[in-house]
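This is structure.json (JSON, C-alpha atoms).
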[["chain", "number", "residue", "atom", "x", "y", "z"],
["A", 1, "MET", "CA", -115.38, 47.36, 63.41],
["A", 2, "LEU", "CA", -117.81, 50.24, 63.67],
["A", 3, "LEU", "CA", -116.70, 52.75, 66.29],
["A", 4, "ILE", "CA", -119.69, 54.59, 67.70],
["A", 5, "ASP", "CA", -119.25, 57.69, 69.85],
["A", 6, "GLY", "CA", -121.39, 59.01, 72.70],
["A", 7, "ASP", "CA", -123.57, 60.92, 70.23],
["A", 8, "GLY", "CA", -124.36, 57.75, 68.25],
["A", 9, "ARG", "CA", -122.14, 58.73, 65.32],
["A", 10, "VAL", "CA", -120.05, 56.17, 63.44],
["A", 11, "LEU", "CA", -116.42, 56.73, 62.41],
["A", 12, "LEU", "CA", -115.82, 56.16, 58.70],
["A", 13, "GLN", "CA", -112.72, 56.44, 56.54],
["A", 14, "LEU", "CA", -112.50, 57.51, 52.91],
["A", 15, "ARG", "CA", -110.64, 54.76, 51.05],
["A", 16, "GLN", "CA", -107.76, 55.62, 48.72],
["A", 17, "GLY", "CA", -104.84, 53.72, 47.23],
["A", 18, "THR", "CA", -106.19, 50.30, 48.25],
["A", 19, "GLY", "CA", -107.35, 48.98, 44.88],
["A", 20, "TYR", "CA", -110.78, 48.17, 46.34],
["A", 21, "ARG", "CA", -113.60, 50.70, 46.45],
["A", 22, "ASP", "CA", -111.25, 53.69, 46.52],
["A", 23, "GLY", "CA", -113.31, 56.87, 46.82],
["A", 24, "TYR", "CA", -115.89, 55.12, 49.01],
["A", 25, "TRP", "CA", -116.49, 55.60, 52.73],
["A", 26, "ALA", "CA", -116.02, 52.49, 54.85],
["A", 27, "ALA", "CA", -115.61, 51.26, 58.41],
["A", 28, "ALA", "CA", -112.63, 53.09, 59.89],
["A", 29, "ALA", "CA", -110.97, 49.87, 61.09],
["A", 30, "ALA", "CA", -111.23, 46.72, 58.99],
["A", 31, "GLY", "CA", -109.01, 44.04, 57.55],
["A", 32, "HIS", "CA", -108.16, 40.39, 57.28],
["A", 33, "VAL", "CA", -107.59, 37.79, 59.95],
["A", 34, "GLU", "CA", -103.98, 36.62, 60.09],
["A", 35, "ALA", "CA", -102.81, 33.03, 60.62],
["A", 36, "ASP", "CA", -103.58, 31.70, 64.11],
["A", 37, "GLU", "CA", -105.47, 34.90, 64.99],
["A", 38, "PRO", "CA", -109.01, 34.85, 66.39],
["A", 39, "VAL", "CA", -111.44, 37.31, 64.81],
["A", 40, "PHE", "CA", -111.70, 39.37, 68.04],
["A", 41, "ALA", "CA", -107.92, 39.78, 68.19],
["A", 42, "ALA", "CA", -107.86, 40.74, 64.50],
["A", 43, "ALA", "CA", -110.38, 43.52, 65.10],
["A", 44, "CYS", "CA", -108.33, 44.90, 67.99],
["A", 45, "ARG", "CA", -105.10, 44.70, 65.95],
["A", 46, "GLU", "CA", -106.70, 46.56, 63.04],
["A", 47, "ALA", "CA", -107.82, 49.34, 65.42],
["A", 48, "VAL", "CA", -104.20, 49.89, 66.47],
["A", 49, "GLU", "CA", -102.82, 49.65, 62.92],
["A", 50, "GLU", "CA", -105.41, 51.83, 61.20],
["A", 51, "LEU", "CA", -106.53, 54.25, 63.92],
["A", 52, "GLY", "CA", -103.83, 54.25, 66.61],
["A", 53, "ILE", "CA", -106.33, 53.32, 69.33],
["A", 54, "VAL", "CA", -106.55, 50.42, 71.75],
["A", 55, "VAL", "CA", -109.73, 48.39, 71.84],
["A", 56, "GLU", "CA", -110.25, 45.61, 74.35],
["A", 57, "GLN", "CA", -111.86, 42.42, 73.08],
["A", 58, "ARG", "CA", -114.50, 42.63, 75.82],
["A", 59, "ASP", "CA", -115.69, 45.94, 74.30],
["A", 60, "LEU", "CA", -116.50, 44.41, 70.90],
["A", 61, "VAL", "CA", -120.21, 43.77, 70.36],
["A", 62, "PRO", "CA", -121.02, 41.36, 67.52],
["A", 63, "LEU", "CA", -123.48, 42.89, 65.04],
["A", 64, "THR", "CA", -123.73, 40.44, 62.15],
["A", 65, "THR", "CA", -121.80, 37.86, 60.18],
["A", 66, "MET", "CA", -122.14, 38.49, 56.46],
["A", 67, "HIS", "CA", -121.61, 36.03, 53.62],
["A", 68, "ARG", "CA", -121.10, 38.14, 50.53],
["A", 69, "THR", "CA", -120.33, 37.60, 46.88],
["A", 70, "HIS", "CA", -119.57, 39.60, 43.78],
["A", 71, "ALA", "CA", -121.37, 36.82, 41.86],
["A", 72, "ASN", "CA", -118.55, 36.59, 39.33],
["A", 73, "GLY", "CA", -117.42, 33.01, 40.01],
["A", 74, "LEU", "CA", -114.05, 34.04, 41.44],
["A", 75, "GLU", "CA", -113.12, 32.47, 44.78],
["A", 76, "ILE", "CA", -111.38, 35.70, 45.87],
["A", 77, "ASP", "CA", -114.72, 37.47, 45.72],
["A", 78, "GLU", "CA", -116.48, 35.03, 48.06],
["A", 79, "ARG", "CA", -116.12, 36.44, 51.58],
["A", 80, "VAL", "CA", -117.35, 36.10, 55.13],
["A", 81, "ASP", "CA", -117.20, 39.30, 57.18],
["A", 82, "PHE", "CA", -117.64, 39.74, 60.92],
["A", 83, "PHE", "CA", -119.07, 43.11, 61.95],
["A", 84, "PHE", "CA", -118.63, 44.48, 65.48],
["A", 85, "SER", "CA", -119.59, 47.74, 67.13],
["A", 86, "CYS", "CA", -117.41, 49.34, 69.76],
["A", 87, "ARG", "CA", -118.30, 52.25, 72.04],
["A", 88, "ARG", "CA", -115.19, 52.32, 74.24],
["A", 89, "TRP", "CA", -111.51, 52.63, 73.34],
["A", 90, "THR", "CA", -108.31, 54.27, 74.52],
["A", 91, "GLY", "CA", -106.74, 57.07, 72.48],
["A", 92, "GLU", "CA", -107.97, 59.47, 69.83],
["A", 93, "PRO", "CA", -108.70, 57.87, 66.45],
["A", 94, "ARG", "CA", -106.45, 59.21, 63.71],
["A", 95, "THR", "CA", -105.31, 58.16, 60.24],
["A", 96, "MET", "CA", -102.35, 55.82, 60.69],
["A", 97, "GLU", "CA", -102.09, 54.74, 57.04],
["A", 98, "PRO", "CA", -102.41, 57.97, 55.01],
["A", 99, "GLU", "CA", -101.49, 56.12, 51.81],
["A", 100, "ARG", "CA", -104.68, 54.06, 52.22],
["A", 101, "SER", "CA", -107.07, 56.64, 53.69],
["A", 102, "ALA", "CA", -108.06, 60.10, 52.50],
["A", 103, "GLY", "CA", -109.38, 60.95, 55.95],
["A", 104, "LEU", "CA", -111.79, 60.12, 58.74],
["A", 105, "GLY", "CA", -115.16, 61.52, 59.72],
["A", 106, "TRP", "CA", -117.85, 60.98, 62.36],
["A", 107, "TYR", "CA", -121.33, 60.64, 60.86],
["A", 108, "PRO", "CA", -124.84, 60.12, 62.26],
["A", 109, "LEU", "CA", -126.32, 56.84, 61.02],
["A", 110, "ASP", "CA", -129.14, 58.81, 59.38],
["A", 111, "ALA", "CA", -126.76, 61.18, 57.54],
["A", 112, "LEU", "CA", -123.99, 59.03, 56.06],
["A", 113, "PRO", "CA", -121.68, 60.42, 53.38],
["A", 114, "GLU", "CA", -121.84, 59.13, 49.81],
["A", 115, "PRO", "CA", -120.81, 56.75, 48.55],
["A", 116, "VAL", "CA", -120.45, 54.07, 51.24],
["A", 117, "VAL", "CA", -119.12, 50.59, 50.36],
["A", 118, "PRO", "CA", -122.40, 48.81, 49.47],
["A", 119, "HIS", "CA", -122.20, 45.82, 51.81],
["A", 120, "GLU", "CA", -121.15, 48.09, 54.68],
["A", 121, "ARG", "CA", -124.03, 50.45, 53.86],
["A", 122, "PHE", "CA", -126.36, 47.46, 54.25],
["A", 123, "VAL", "CA", -124.99, 46.89, 57.77],
["A", 124, "LEU", "CA", -125.10, 50.58, 58.72],
["A", 125, "ASP", "CA", -128.70, 50.91, 57.50],
["A", 126, "GLY", "CA", -129.73, 47.80, 59.46],
["A", 127, "LEU", "CA", -127.99, 49.14, 62.55],
["A", 128, "ARG", "CA", -129.84, 52.46, 62.18],
["A", 129, "ARG", "CA", -133.21, 50.74, 61.75],
["A", 130, "GLY", "CA", -132.52, 48.25, 64.52],
["A", 131, "ASP", "CA", -133.34, 45.25, 62.32],
["A", 132, "LEU", "CA", -129.88, 43.92, 61.41],
["A", 133, "PRO", "CA", -130.04, 40.10, 61.24],
["A", 134, "VAL", "CA", -127.46, 38.04, 63.13],
["A", 135, "ILE", "CA", -126.41, 36.39, 59.85],
["A", 136, "THR", "CA", -126.76, 38.11, 56.51],
["A", 137, "ALA", "CA", -126.13, 37.31, 52.85],
["A", 138, "PHE", "CA", -125.25, 40.07, 50.39],
["A", 139, "GLY", "CA", -124.92, 40.08, 46.61],
["A", 140, "PHE", "CA", -126.70, 36.79, 45.96],
["A", 141, "ALA", "CA", -129.67, 36.41, 43.65],
["A", 142, "PRO", "CA", -132.97, 36.26, 45.56],
["A", 143, "GLN", "CA", -133.94, 32.71, 46.54],
["A", 144, "ARG", "CA", -137.23, 31.34, 45.29]]

As structure tokens, how would this structure be written, given the file I've shared?
Amino acid sequence: MLLIDGDGRVLLQLRQGTGYRDGYWAAAAAGHVEADEPVFAAACREAVEELGIVVEQRDLVPLTTMHRTHANGLEIDERVDFFFSCRRWTGEPRTMEPERSAGLGWYPLDALPEPVVPHERFVLDGLRRGDLPVITAFGFAPQR
């Protein structure tokens, strides 16, 4: 979920202690869907767990669905991600899992920190340009 404030800035977290892309900036609230949990409910749950804020499902705006790969043949590295934006929530975002986040920051889409998780950077750049496709593929060899 990409939280966007009234100035058009996005909230990012600096990953640490996760074992995946530590030292990279990423969406401030993200995670996995749990058993019997719809994707909208998962996004709202992650907002509470990671940022201490309440997001209503009706305030989630679908941005893109991304099929991504690391192209290494491992099933674990074949993923489908759902990206949402959200411009309304209750509470002040804060780091709820300090062992997994080195901090939060609000950034304009045209002045993102470095480095950003590559597939999330793709989404953020498309959001900034206004040309983000409804369905995207990332990490695959170009099709002929």

Contact check, stretch 39-62 of chain A to stretch 85-97 of chain A, at most 6 Å, counting only C-alpha atoms, closest pairs as JSON lines:
{"residue": "A:Glu50", "atom": "CA", "partner": "A:Met96", "partner_atom": "CA", "distance": 5.1}
{"residue": "A:Leu51", "atom": "CA", "partner": "A:Pro93", "partner_atom": "CA", "distance": 4.9}
{"residue": "A:Ile53", "atom": "CA", "partner": "A:Gly91", "partner_atom": "CA", "distance": 4.9}
{"residue": "A:Val54", "atom": "CA", "partner": "A:Thr90", "partner_atom": "CA", "distance": 5.1}
{"residue": "A:Val55", "atom": "CA", "partner": "A:Trp89", "partner_atom": "CA", "distance": 4.8}
{"residue": "A:Asp59", "atom": "CA", "partner": "A:Cys86", "partner_atom": "CA", "distance": 5.9}
{"residue": "A:Leu60", "atom": "CA", "partner": "A:Cys86", "partner_atom": "CA", "distance": 5.1}
{"residue": "A:Val61", "atom": "CA", "partner": "A:Ser85", "partner_atom": "CA", "distance": 5.2}

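Between A:Thr65 and the candidates A:Ala43, A:His119, A:Phe140, A:Phe82, the tightest atom-to-atom separation, counting only C-alpha atoms, involves A:Phe82.
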
Measuring atom to atom with all atoms listed in the file, identify which of A:Leu74, A:Arg45, A:Trp106, A:Thr18 is nearest to A:Leu3.
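Closest to A:Leu3, using all atoms listed in the file: A:Trp106.
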
Show me, as a list in words, the residues that have an atom within 7 Å of A:Tyr107 when counting all atoms listed in the file, minus same-chain residues fewer than 6 positions from it.
Arg9, Val10 and Leu11 of chain A

Suppose you want the space between atom CA of A:Leu132 and atom CA of A:Pro62; what is it in Å?
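Between these atoms lies a distance of 11.1 Å.
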
Any idea what's packed within 12 Å of A:Leu127, counting only C-alpha atoms, ignoring anything in its chain fewer than 6 positions away? Could you give it as a list in words?
Leu2, Ile4, Gly8, Arg9, Val10, Pro62, Leu63, Thr64, Phe83, Phe84, Ser85, Pro108, Leu109, Asp110, Glu120, Arg121, Pro133 and Val134 of chain A

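Distances to A:Phe40 were evaluated for A:Met1, A:Ala28, A:Leu12, A:Gly105 using all atoms listed in the file, and the minimum falls at A:Met1.
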
Edge lengths and centre, in Å to one decimal, as JSON: that's what I need for the box along x, y and z that holds all listed atoms of stretch 41-59 of chain A plus 4 Å on each side.
{"center_x": -109.3, "center_y": 47.0, "center_z": 68.5, "size_x": 20.9, "size_y": 22.5, "size_z": 22.6}

Please identify all polymer residues lying at most 12 Å from the point (-127.8, 49.4, 52.8) (file coordinates), using all atoms listed in the file, and present the result as a list in words.
Leu109, Asp110, Leu112, Glu114, Pro115, Val116, Val117, Pro118, His119, Glu120, Arg121, Phe122, Val123, Leu124, Asp125, Gly126, Leu127, Arg128, Arg129, Asp131, Leu132, Thr136, Phe138 and Gly139 of chain A

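Atom CA of A:Gly17 is positioned 9.2 Å from atom CA of A:Pro98.
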
Which one of A:Ala42, A:His70, A:Ala27, A:Gly19 sits closest to A:Gln57 if you count all atoms listed in the file?
A:Ala42
